[in-house]
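Raw contents of structure_21.pdb, PDB, C-alpha atoms, pLDDT in the B column:
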```
ATOM      1  CA  MET A 213       6.855   4.471 -22.349  1.00 73.00           C
ATOM      2  CA  SER A 214       4.321   5.783 -19.906  1.00 88.00           C
ATOM      3  CA  ASP A 215       2.082   8.832 -20.118  1.00 91.00           C
ATOM      4  CA  LEU A 216       4.193  10.697 -17.569  1.00 95.00           C
ATOM      5  CA  ASP A 217       4.957  14.316 -18.544  1.00 93.00           C
ATOM      6  CA  PRO A 218       8.235  14.067 -20.547  1.00 93.00           C
ATOM      7  CA  ALA A 219       9.615  17.108 -18.706  1.00 92.00           C
ATOM      8  CA  VAL A 220       9.263  15.209 -15.416  1.00 94.00           C
ATOM      9  CA  ALA A 221      10.410  11.894 -16.888  1.00 94.00           C
ATOM     10  CA  ALA A 222      13.617  13.555 -18.075  1.00 92.00           C
ATOM     11  CA  ARG A 223      14.473  14.510 -14.495  1.00 93.00           C
ATOM     12  CA  LEU A 224      14.064  11.038 -12.981  1.00 93.00           C
ATOM     13  CA  LYS A 225      17.186   9.082 -12.105  1.00 90.00           C
ATOM     14  CA  ARG A 226      15.848   5.563 -11.828  1.00 89.00           C
ATOM     15  CA  ALA A 227      17.449   2.593 -10.109  1.00 84.00           C
ATOM     16  CA  ASP A 228      17.071  -0.771 -11.794  1.00 78.00           C
ATOM     17  CA  ASP A 229      15.047  -3.117  -9.585  1.00 74.00           C
ATOM     18  CA  GLY A 230      16.886  -6.131 -10.981  1.00 73.00           C
ATOM     19  CA  SER A 231      14.239  -6.954 -13.564  1.00 75.00           C
ATOM     20  CA  GLY A 232      14.935  -4.007 -15.831  1.00 79.00           C
ATOM     21  CA  ARG A 233      12.274  -1.786 -14.332  1.00 86.00           C
ATOM     22  CA  GLY A 234      13.478   1.687 -13.371  1.00 89.00           C
ATOM     23  CA  LEU A 235      12.213   2.741  -9.974  1.00 93.00           C
ATOM     24  CA  VAL A 236      12.390   5.831  -7.797  1.00 95.00           C
ATOM     25  CA  ALA A 237      11.980   5.722  -4.011  1.00 96.00           C
ATOM     26  CA  ALA A 238       8.892   7.560  -2.753  1.00 98.00           C
ATOM     27  CA  VAL A 239       8.881   8.881   0.818  1.00 98.00           C
ATOM     28  CA  VAL A 240       5.314   9.231   2.026  1.00 98.00           C
ATOM     29  CA  GLN A 241       4.514  11.861   4.651  1.00 98.00           C
ATOM     30  CA  GLN A 242       1.261  12.790   6.386  1.00 98.00           C
ATOM     31  CA  HIS A 243       0.707  16.402   5.276  1.00 98.00           C
ATOM     32  CA  ASP A 244      -0.343  17.916   8.624  1.00 98.00           C
ATOM     33  CA  THR A 245       1.414  15.924  11.361  1.00 98.00           C
ATOM     34  CA  ARG A 246       4.463  15.389   9.103  1.00 98.00           C
ATOM     35  CA  GLU A 247       4.820  11.781  10.204  1.00 98.00           C
ATOM     36  CA  VAL A 248       6.845   9.697   7.748  1.00 98.00           C
ATOM     37  CA  LEU A 249       4.355   6.935   7.000  1.00 98.00           C
ATOM     38  CA  MET A 250       6.168   4.542   4.673  1.00 98.00           C
ATOM     39  CA  LEU A 251       8.542   4.204   1.746  1.00 97.00           C
ATOM     40  CA  GLY A 252       7.184   2.970  -1.584  1.00 97.00           C
ATOM     41  CA  TRP A 253       8.553   2.580  -5.099  1.00 95.00           C
ATOM     42  CA  MET A 254       7.295   4.186  -8.291  1.00 96.00           C
ATOM     43  CA  ASP A 255       8.120   3.744 -11.934  1.00 95.00           C
ATOM     44  CA  ASP A 256       7.086   6.378 -14.475  1.00 96.00           C
ATOM     45  CA  GLU A 257       3.577   4.972 -14.845  1.00 96.00           C
ATOM     46  CA  ALA A 258       2.959   4.770 -11.086  1.00 97.00           C
ATOM     47  CA  LEU A 259       4.073   8.388 -10.754  1.00 97.00           C
ATOM     48  CA  HIS A 260       1.831   9.385 -13.657  1.00 97.00           C
ATOM     49  CA  ARG A 261      -1.154   7.682 -12.019  1.00 97.00           C
ATOM     50  CA  THR A 262      -0.335   9.253  -8.645  1.00 98.00           C
ATOM     51  CA  LEU A 263      -0.189  12.733 -10.194  1.00 97.00           C
ATOM     52  CA  THR A 264      -3.328  12.386 -12.314  1.00 97.00           C
ATOM     53  CA  THR A 265      -5.651  10.400 -10.037  1.00 97.00           C
ATOM     54  CA  GLY A 266      -4.704  11.953  -6.700  1.00 97.00           C
ATOM     55  CA  ARG A 267      -4.397   8.480  -5.187  1.00 98.00           C
ATOM     56  CA  ALA A 268      -0.933   7.240  -4.256  1.00 98.00           C
ATOM     57  CA  THR A 269       0.009   4.379  -6.591  1.00 98.00           C
ATOM     58  CA  TYR A 270       3.150   2.259  -6.320  1.00 97.00           C
ATOM     59  CA  TRP A 271       4.989  -0.532  -8.038  1.00 95.00           C
ATOM     60  CA  SER A 272       5.170  -3.619  -5.852  1.00 93.00           C
ATOM     61  CA  ARG A 273       8.609  -5.174  -6.157  1.00 88.00           C
ATOM     62  CA  SER A 274       7.466  -8.396  -4.468  1.00 87.00           C
ATOM     63  CA  ARG A 275       4.263  -8.866  -6.470  1.00 91.00           C
ATOM     64  CA  GLN A 276       5.571  -7.171  -9.653  1.00 92.00           C
ATOM     65  CA  GLU A 277       2.388  -5.179 -10.154  1.00 95.00           C
ATOM     66  CA  TYR A 278       0.899  -1.747  -9.566  1.00 97.00           C
ATOM     67  CA  TRP A 279      -1.002  -1.177  -6.392  1.00 96.00           C
ATOM     68  CA  VAL A 280      -3.226   1.685  -5.411  1.00 98.00           C
ATOM     69  CA  LYS A 281      -2.713   2.191  -1.696  1.00 97.00           C
ATOM     70  CA  GLY A 282      -5.940   1.318   0.137  1.00 96.00           C
ATOM     71  CA  GLU A 283      -7.573  -0.435  -2.814  1.00 95.00           C
ATOM     72  CA  THR A 284      -8.095  -3.582  -0.773  1.00 93.00           C
ATOM     73  CA  SER A 285      -7.556  -2.319   2.799  1.00 94.00           C
ATOM     74  CA  GLY A 286      -9.487   0.949   2.479  1.00 96.00           C
ATOM     75  CA  HIS A 287      -6.455   2.744   3.925  1.00 97.00           C
ATOM     76  CA  ALA A 288      -6.086   5.127   1.009  1.00 97.00           C
ATOM     77  CA  GLN A 289      -3.622   7.952   0.577  1.00 98.00           C
ATOM     78  CA  HIS A 290      -5.088  11.139  -0.878  1.00 98.00           C
ATOM     79  CA  VAL A 291      -2.257  13.061  -2.490  1.00 98.00           C
ATOM     80  CA  ARG A 292      -1.650  16.679  -1.468  1.00 98.00           C
ATOM     81  CA  SER A 293       1.666  17.308  -3.231  1.00 98.00           C
ATOM     82  CA  VAL A 294       4.521  15.503  -4.959  1.00 98.00           C
ATOM     83  CA  ARG A 295       8.104  16.734  -4.943  1.00 98.00           C
ATOM     84  CA  LEU A 296      11.228  15.452  -6.688  1.00 97.00           C
ATOM     85  CA  ASP A 297      14.565  15.803  -4.961  1.00 97.00           C
ATOM     86  CA  CYS A 298      17.611  17.712  -6.203  1.00 96.00           C
ATOM     87  CA  ASP A 299      19.175  14.807  -8.050  1.00 92.00           C
ATOM     88  CA  GLY A 300      15.997  13.155  -9.283  1.00 94.00           C
ATOM     89  CA  ASP A 301      16.238   9.860  -7.437  1.00 91.00           C
ATOM     90  CA  ALA A 302      13.658  10.343  -4.698  1.00 96.00           C
ATOM     91  CA  LEU A 303      10.092  11.604  -4.394  1.00 98.00           C
ATOM     92  CA  LEU A 304       8.359  13.160  -1.399  1.00 98.00           C
ATOM     93  CA  VAL A 305       4.631  12.507  -1.495  1.00 98.00           C
ATOM     94  CA  GLU A 306       2.514  14.430   0.988  1.00 98.00           C
ATOM     95  CA  VAL A 307      -0.775  12.664   1.607  1.00 98.00           C
ATOM     96  CA  ASP A 308      -3.819  12.517   3.785  1.00 98.00           C
ATOM     97  CA  GLN A 309      -3.671   8.930   5.081  1.00 98.00           C
ATOM     98  CA  VAL A 310      -6.931   7.129   5.873  1.00 97.00           C
ATOM     99  CA  GLY A 311      -6.371   4.865   8.895  1.00 97.00           C
ATOM    100  CA  PRO A 312      -3.085   3.065   9.467  1.00 98.00           C
ATOM    101  CA  ALA A 313      -0.463   3.299   6.715  1.00 98.00           C
ATOM    102  CA  CYS A 314       1.152  -0.021   7.633  1.00 97.00           C
ATOM    103  CA  HIS A 315      -0.220  -3.436   6.730  1.00 93.00           C
ATOM    104  CA  THR A 316       0.581  -4.497  10.312  1.00 95.00           C
ATOM    105  CA  GLY A 317      -2.038  -2.050  11.581  1.00 96.00           C
ATOM    106  CA  THR A 318       0.311   0.556  13.026  1.00 97.00           C
ATOM    107  CA  ARG A 319       0.040   4.187  11.942  1.00 98.00           C
ATOM    108  CA  THR A 320       3.425   4.199  10.221  1.00 98.00           C
ATOM    109  CA  CYS A 321       5.693   1.422   8.954  1.00 98.00           C
ATOM    110  CA  PHE A 322       8.429   2.631  11.326  1.00 98.00           C
ATOM    111  CA  ASP A 323       6.499   2.545  14.632  1.00 97.00           C
ATOM    112  CA  ASP A 324       7.861  -0.782  15.885  1.00 94.00           C
ATOM    113  CA  GLY A 325      11.312  -0.551  14.344  1.00 95.00           C
ATOM    114  CA  LEU A 326      13.558   1.371  16.740  1.00 96.00           C
ATOM    115  CA  ILE A 327      17.111   0.026  16.361  1.00 96.00           C
ATOM    116  CA  GLY A 328      19.147   2.911  17.773  1.00 94.00           C
ATOM    117  CA  ALA A 329      18.620   6.104  19.727  1.00 84.00           C
TER     118      ALA A 329
ATOM    119  CA  MET B  28      30.855  -8.723   6.524  1.00 73.00           C
ATOM    120  CA  SER B  29      30.508  -5.531   8.519  1.00 88.00           C
ATOM    121  CA  ASP B  30      30.447  -5.012  12.262  1.00 91.00           C
ATOM    122  CA  LEU B  31      26.713  -4.326  12.226  1.00 95.00           C
ATOM    123  CA  ASP B  32      24.780  -6.138  14.974  1.00 93.00           C
ATOM    124  CA  PRO B  33      23.842  -9.510  13.388  1.00 93.00           C
ATOM    125  CA  ALA B  34      20.318  -9.231  14.834  1.00 92.00           C
ATOM    126  CA  VAL B  35      19.821  -6.017  12.869  1.00 94.00           C
ATOM    127  CA  ALA B  36      21.624  -7.303   9.768  1.00 94.00           C
ATOM    128  CA  ALA B  37      19.280 -10.290   9.651  1.00 92.00           C
ATOM    129  CA  ARG B  38      16.302  -7.935   9.352  1.00 93.00           C
ATOM    130  CA  LEU B  39      17.624  -5.898   6.424  1.00 93.00           C
ATOM    131  CA  LYS B  40      16.159  -6.533   2.993  1.00 90.00           C
ATOM    132  CA  ARG B  41      18.773  -5.002   0.736  1.00 89.00           C
ATOM    133  CA  ALA B  42      18.416  -3.953  -2.882  1.00 84.00           C
ATOM    134  CA  ASP B  43      21.359  -4.584  -5.172  1.00 78.00           C
ATOM    135  CA  ASP B  44      22.775  -1.290  -6.419  1.00 75.00           C
ATOM    136  CA  GLY B  45      23.936  -2.922  -9.646  1.00 73.00           C
ATOM    137  CA  SER B  46      27.486  -3.500  -8.438  1.00 75.00           C
ATOM    138  CA  GLY B  47      26.643  -6.243  -5.961  1.00 79.00           C
ATOM    139  CA  ARG B  48      26.406  -3.925  -2.980  1.00 86.00           C
ATOM    140  CA  GLY B  49      23.238  -4.342  -0.936  1.00 89.00           C
ATOM    141  CA  LEU B  50      21.681  -1.027   0.008  1.00 93.00           C
ATOM    142  CA  VAL B  51      18.749   0.153   2.078  1.00 95.00           C
ATOM    143  CA  ALA B  52      17.054   3.524   1.507  1.00 96.00           C
ATOM    144  CA  ALA B  53      17.417   5.914   4.447  1.00 98.00           C
ATOM    145  CA  VAL B  54      14.814   8.658   4.894  1.00 98.00           C
ATOM    146  CA  VAL B  55      16.318  11.521   6.878  1.00 98.00           C
ATOM    147  CA  GLN B  56      14.038  13.685   9.002  1.00 98.00           C
ATOM    148  CA  GLN B  57      14.722  16.713  11.181  1.00 98.00           C
ATOM    149  CA  HIS B  58      13.749  15.506  14.661  1.00 98.00           C
ATOM    150  CA  ASP B  59      11.826  18.568  15.868  1.00 98.00           C
ATOM    151  CA  THR B  60      10.284  20.225  12.794  1.00 98.00           C
ATOM    152  CA  ARG B  61       9.780  16.806  11.126  1.00 98.00           C
ATOM    153  CA  GLU B  62      10.921  18.117   7.760  1.00 98.00           C
ATOM    154  CA  VAL B  63      12.022  15.354   5.408  1.00 98.00           C
ATOM    155  CA  LEU B  64      15.528  16.534   4.576  1.00 98.00           C
ATOM    156  CA  MET B  65      16.857  14.014   2.055  1.00 98.00           C
ATOM    157  CA  LEU B  66      17.060  10.390   1.042  1.00 97.00           C
ATOM    158  CA  GLY B  67      20.368   8.563   1.363  1.00 97.00           C
ATOM    159  CA  TRP B  68      21.557   5.000   0.937  1.00 95.00           C
ATOM    160  CA  MET B  69      23.212   2.765   3.512  1.00 96.00           C
ATOM    161  CA  ASP B  70      24.859  -0.602   3.358  1.00 95.00           C
ATOM    162  CA  ASP B  71      25.464  -2.586   6.539  1.00 96.00           C
ATOM    163  CA  GLU B  72      28.722  -0.782   7.317  1.00 96.00           C
ATOM    164  CA  ALA B  73      27.228   2.694   6.805  1.00 97.00           C
ATOM    165  CA  LEU B  74      24.382   1.764   9.152  1.00 97.00           C
ATOM    166  CA  HIS B  75      26.856   0.403  11.686  1.00 97.00           C
ATOM    167  CA  ARG B  76      28.856   3.640  11.578  1.00 97.00           C
ATOM    168  CA  THR B  77      25.679   5.731  11.817  1.00 98.00           C
ATOM    169  CA  LEU B  78      24.532   3.806  14.909  1.00 97.00           C
ATOM    170  CA  THR B  79      27.889   3.784  16.672  1.00 97.00           C
ATOM    171  CA  THR B  80      29.275   7.251  15.862  1.00 97.00           C
ATOM    172  CA  GLY B  81      26.042   9.255  16.054  1.00 97.00           C
ATOM    173  CA  ARG B  82      26.912  10.906  12.731  1.00 98.00           C
ATOM    174  CA  ALA B  83      24.814  10.025   9.697  1.00 98.00           C
ATOM    175  CA  THR B  84      26.975   8.055   7.245  1.00 98.00           C
ATOM    176  CA  TYR B  85      25.925   6.947   3.778  1.00 97.00           C
ATOM    177  CA  TRP B  86      27.119   4.981   0.790  1.00 95.00           C
ATOM    178  CA  SER B  87      27.509   7.222  -2.256  1.00 93.00           C
ATOM    179  CA  ARG B  88      26.257   5.385  -5.328  1.00 88.00           C
ATOM    180  CA  SER B  89      27.839   7.923  -7.673  1.00 87.00           C
ATOM    181  CA  ARG B  90      31.254   8.067  -5.989  1.00 91.00           C
ATOM    182  CA  GLN B  91      31.188   4.447  -4.715  1.00 92.00           C
ATOM    183  CA  GLU B  92      32.447   5.414  -1.277  1.00 95.00           C
ATOM    184  CA  TYR B  93      31.289   6.129   2.249  1.00 97.00           C
ATOM    185  CA  TRP B  94      30.516   9.699   3.166  1.00 96.00           C
ATOM    186  CA  VAL B  95      29.921  11.222   6.541  1.00 98.00           C
ATOM    187  CA  LYS B  96      27.332  13.927   6.006  1.00 97.00           C
ATOM    188  CA  GLY B  97      28.916  17.303   6.684  1.00 96.00           C
ATOM    189  CA  GLU B  98      32.500  16.050   6.643  1.00 95.00           C
ATOM    190  CA  THR B  99      33.457  18.550   3.948  1.00 93.00           C
ATOM    191  CA  SER B 100      30.515  21.008   4.055  1.00 94.00           C
ATOM    192  CA  GLY B 101      30.192  21.235   7.838  1.00 96.00           C
ATOM    193  CA  HIS B 102      26.476  20.501   7.445  1.00 97.00           C
ATOM    194  CA  ALA B 103      26.509  17.502   9.739  1.00 97.00           C
ATOM    195  CA  GLN B 104      23.620  15.345  10.847  1.00 98.00           C
ATOM    196  CA  HIS B 105      23.634  14.403  14.527  1.00 98.00           C
ATOM    197  CA  VAL B 106      21.614  11.224  14.894  1.00 98.00           C
ATOM    198  CA  ARG B 107      18.732  11.145  17.377  1.00 98.00           C
ATOM    199  CA  SER B 108      17.167   7.802  16.443  1.00 98.00           C
ATOM    200  CA  VAL B 109      17.190   5.137  13.747  1.00 98.00           C
ATOM    201  CA  ARG B 110      14.172   3.026  12.846  1.00 98.00           C
ATOM    202  CA  LEU B 111      13.757   0.111  10.447  1.00 97.00           C
ATOM    203  CA  ASP B 112      10.451  -0.317   8.631  1.00 97.00           C
ATOM    204  CA  CYS B 113       8.099  -3.298   8.830  1.00 96.00           C
ATOM    205  CA  ASP B 114       9.622  -5.198   5.923  1.00 91.00           C
ATOM    206  CA  GLY B 115      13.248  -4.227   6.467  1.00 94.00           C
ATOM    207  CA  ASP B 116      13.890  -2.288   3.278  1.00 91.00           C
ATOM    208  CA  ALA B 117      13.845   1.291   4.565  1.00 96.00           C
ATOM    209  CA  LEU B 118      15.345   3.247   7.452  1.00 98.00           C
ATOM    210  CA  LEU B 119      14.033   6.401   9.114  1.00 98.00           C
ATOM    211  CA  VAL B 120      16.878   8.434  10.584  1.00 98.00           C
ATOM    212  CA  GLU B 121      15.908  11.302  12.861  1.00 98.00           C
ATOM    213  CA  VAL B 122      18.667  13.879  13.038  1.00 98.00           C
ATOM    214  CA  ASP B 123      19.581  17.342  14.135  1.00 98.00           C
ATOM    215  CA  GLN B 124      20.716  18.932  10.873  1.00 98.00           C
ATOM    216  CA  VAL B 125      23.388  21.639  10.969  1.00 97.00           C
ATOM    217  CA  GLY B 126      22.625  24.209   8.255  1.00 97.00           C
ATOM    218  CA  PRO B 127      21.147  23.205   4.907  1.00 98.00           C
ATOM    219  CA  ALA B 128      20.776  19.489   4.199  1.00 98.00           C
ATOM    220  CA  CYS B 129      21.008  19.937   0.429  1.00 97.00           C
ATOM    221  CA  HIS B 130      24.231  20.481  -1.494  1.00 93.00           C
ATOM    222  CA  THR B 131      22.370  23.178  -3.456  1.00 95.00           C
ATOM    223  CA  GLY B 132      22.083  25.226  -0.260  1.00 96.00           C
ATOM    224  CA  THR B 133      18.382  24.738   0.385  1.00 97.00           C
ATOM    225  CA  ARG B 134      17.188  23.393   3.715  1.00 98.00           C
ATOM    226  CA  THR B 135      15.889  20.147   2.232  1.00 98.00           C
ATOM    227  CA  CYS B 136      16.568  18.337  -1.038  1.00 98.00           C
ATOM    228  CA  PHE B 137      12.875  18.626  -1.922  1.00 98.00           C
ATOM    229  CA  ASP B 138      12.412  22.407  -1.559  1.00 97.00           C
ATOM    230  CA  ASP B 139      12.647  23.271  -5.268  1.00 94.00           C
ATOM    231  CA  GLY B 140      11.094  20.111  -6.643  1.00 96.00           C
ATOM    232  CA  LEU B 141       7.317  20.555  -6.683  1.00 96.00           C
ATOM    233  CA  ILE B 142       5.917  18.559  -9.620  1.00 96.00           C
ATOM    234  CA  GLY B 143       2.291  18.156  -8.571  1.00 94.00           C
ATOM    235  CA  ALA B 144      -0.140  19.475  -5.988  1.00 84.00           C
TER     236      ALA B 144
END
```

Give the structure from the file, written as structure tokens.
Amino acid sequence: MSDLDPAVAARLKRADDGSGRGLVAAVVQQHDTREVLMLGWMDDEALHRTLTTGRATYWSRSRQEYWVKGETSGHAQHVRSVRLDCDGDALLVEVDQVGPACHTGTRTCFDDGLIGA
Amino acid sequence: MSDLDPAVAARLKRADDGSGRGLVAAVVQQHDTREVLMLGWMDDEALHRTLTTGRATYWSRSRQEYWVKGETSGHAQHVRSVRLDCDGDALLVEVDQVGPACHTGTRTCFDDGLIGA
């Protein structure tokens, strides 16, 4: 159990990450330019921390730990709003992104990834 | 095996949906207003169809079948571009959305879902 508001927790439709942890996909968007910056994953506790601290916090599937975006890089995401989609399996997190969102140094994680137009 | 370009398939980092099907999250964005419309799921074949037909095509986890967005509702998504993220586990699909994207009738699937600001 996490400290997430039970009314919100009841609406989440989590996907098992393979290790028994229920995760919801979080789409992260820059609030003013509306660029889609990245996709992260949250469990109930990561969502709780995101909502209560105002700093976007994810569950790392590769490292199996929580990470506060920007904690080591300085490229923080200050949360402006969080929305849940109609069927409870995706979040839209509007943020103010400090610096590049991508660990490769590009503004978004999609900048170099064009595969069809 | 699908008919997806092997060079693209090699870059995908799929998550198991629990039934052995490897899926990638697809963030869908209106190309001009940059609204995030919805989140869908694609396997290799859905991505192949999306890239080659120009109509956004997903794998339905609940119905366990392919669906061409708008096929029954008329609310089609005409694909403008498809991007893969830096670590291969998310797609950004820019579309021209006909009518509401959400089955509830709202423009996006996130319109009624504010849980924190």

### Query
What does the ChimeraX specification (/B :<10) & /A select in this file, as JSON, numbers by chain?
{"A": [217, 219, 220, 227, 228, 229, 230, 237, 238, 239, 240, 241, 245, 246, 247, 248, 249, 250, 251, 252, 262, 263, 264, 266, 291, 292, 293, 294, 295, 296, 297, 298, 299, 300, 301, 302, 303, 304, 305, 306, 314, 315, 316, 318, 320, 321, 322, 323, 324, 325, 326, 327, 328, 329]}

## Note on the structure
Residue with the minimum atom-to-atom distance to Ser231 in chain A, picked from A:Arg319, A:His290, A:Arg267, A:Arg273 with all atoms listed in the file counted, is A:Arg273

### Message
Quick check on the file I pasted: which residues fall under the PyMOL selection byres ((chain B and resi 69) around 9)? Write them as a PyMOL selection string.
### Response
chain B and resi 49-53+67-68+70-74+84-87+93+118

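A straight line drawn from CA of His75 in chain B to CA of Gly47 in chain B is 18.9 Å long.
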
How big is the axis-aligned box around the listed atoms of range 307-326 of chain A once 4 Å is added on each side, and where is its centre? Give both in Å to one decimal, as AutoDock Vina command-line options.
```
--center_x 3.3 --center_y 4.1 --center_z 9.2 --size_x 28.5 --size_y 25.2 --size_z 23.1
```

### Task
Measure the distance from CA of Ser214 in chain A to CA of Thr284 in chain A in Å and round it to one decimal.
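A separation of 24.7 Å between them.
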
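Put simply, CA of His287 in chain A is 17.0 Å away from CA of Asp244 in chain A.
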